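Colleague: My questions will all concern the structure given below.
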Amino acid sequence: MTYWINGIAGASPSALDRGLHYGDGLFETMTCRNGHLRFAELHWQRLARGCEQLRIGSLDMDALRREAAAACTVEPSIIKVIVTRGVGGRGYAPAEAGTPTRILLRYPMPRDPDEFWTEGVSVVWSGVTLAGQPRLAGVKHLNRLEQVLARVELAGSTDAEALMCNADGHVICGTMTNVFIVTGHRLRTPRLDQAGVAGVMRAVVLREAEALGVQIEEAALDRTDVADAQEIFLTNARIGAWPVRSLAGAPRDVGPVALRVQAHLHRLDH
């Protein structure tokens, strides 16, 4: 793993950074393939929206883009971008004129079993409930303790993912993925207006619906909707799409829609 802080390789972060104290920041996880970052513009657009929602100003986005592109020299690899509000302000109120911190990390690409794509993954329901906060819904902010607790639940199991619901019982996402189901001739995915991260690969699936020949909708889904679906698959920027072969111990078929989406996403870079 290699990292840079504000463009300096191996620099030390400040102990006063608000990202460390309050999770006051955002992150993006991109994949490097064929010498460039996949879906880079979608990631940068989401980061910019997140900065606007959190009112993080003065980010040198041009420098961040250059640094991320320069880091994409080992492939395949993961490029993680973290932006914090920076140093300043003791307590929750930030300093009026702070300078954001840019953190860039390059990780080796994780090696998941090939059958996760061909035969599907086993998933369970998480016991961790997602809190609702409309002002943070969709944003990939640094406060991920709910997902951390959910992943702790999976420790030692063979399940690849856990699906998470909010306090109203609506399915929102996986710990690291977005959820899609096939019902009849429709592809459906949870609304993310109360909680959850609006993933880049989720956005690509929504954008590519016509090319995929499917009708798609964002909807309020409960556990029964998911359990009764003809197909379930999961997406994120690293995995593309994983079909679900088992939910809470109940076997499921890996269907044609999930495999069609998976193949289509694999061909795309932008």
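Going through the structure tokens in order, the chains are called A, B, and so on, while each chain numbers its residues from 1 and the ligands are numbered from 1 in the order shown.
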Val87 (chain A): which residues within 7 Å, counting only C-alpha atoms, same-chain residues fewer than 5 positions away excluded, as a list in words?

Modeller: Leu16, Asp17, Arg18 and Gly98 of chain A

Colleague: When you look at region 162-179 of chain A with a cut-off of 6 Å (counting only C-alpha atoms), what residues show up, excluding the ones that are within fewer than 6 positions of it in the same chain? I need them as a list of chain:residue names.

Modeller: A:Val123, A:Val124, A:Trp125, A:Ser126, A:Thr129, A:Leu130, A:Gln147, A:Thr189, A:Pro190, A:Leu221, A:Asp222, A:Leu234, A:Thr235, A:Asn236

Colleague: Would you give me, as JSON, numbers by chain, the residues in region 22-165 of chain A that DSSP reads as helix (DSSP H, G or I)?

Modeller: {"A": [22, 40, 41, 42, 43, 44, 45, 46, 47, 48, 49, 50, 51, 52, 53, 54, 61, 62, 63, 64, 65, 66, 67, 68, 69, 70, 71, 115, 116, 117, 118, 145, 146, 147, 148, 149, 150, 151, 152, 153]}

Colleague: Between CA of Gly25 (chain A) and CA of Phe39 (chain A), what is the distance, to one decimal in Å?

Modeller: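 Atom-to-atom, CA of Gly25 (chain A) and CA of Phe39 (chain A) are spaced 21.2 Å apart.
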
Colleague: CA of Ala203 (chain A) to CA of His185 (chain A): how many Å, to one decimal?

Modeller: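 Interatomic distance here is 19.7 Å.
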
Colleague: Select, from A:Gly10, A:Gly57, A:Gly88, A:Gly132, the residue with the minimum atom-to-atom distance to Arg106 (chain A), counting only C-alpha atoms.

Modeller: A:Gly10

Colleague: When distances are computed from only C-alpha atoms, which of A:Ala195, A:Val254, A:Ala97, A:Ala9 shows the smallest separation from Trp117 (chain A)?

Modeller: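 Answer, going by the shortest atom-to-atom distance: A:Val254.
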
Colleague: As an exercise, work out the distance from CA of Glu41 (chain A) to CA of Ala131 (chain A) in Å and give it to one decimal place.

Modeller: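 Distance reported for this atom pair: 29.2 Å.
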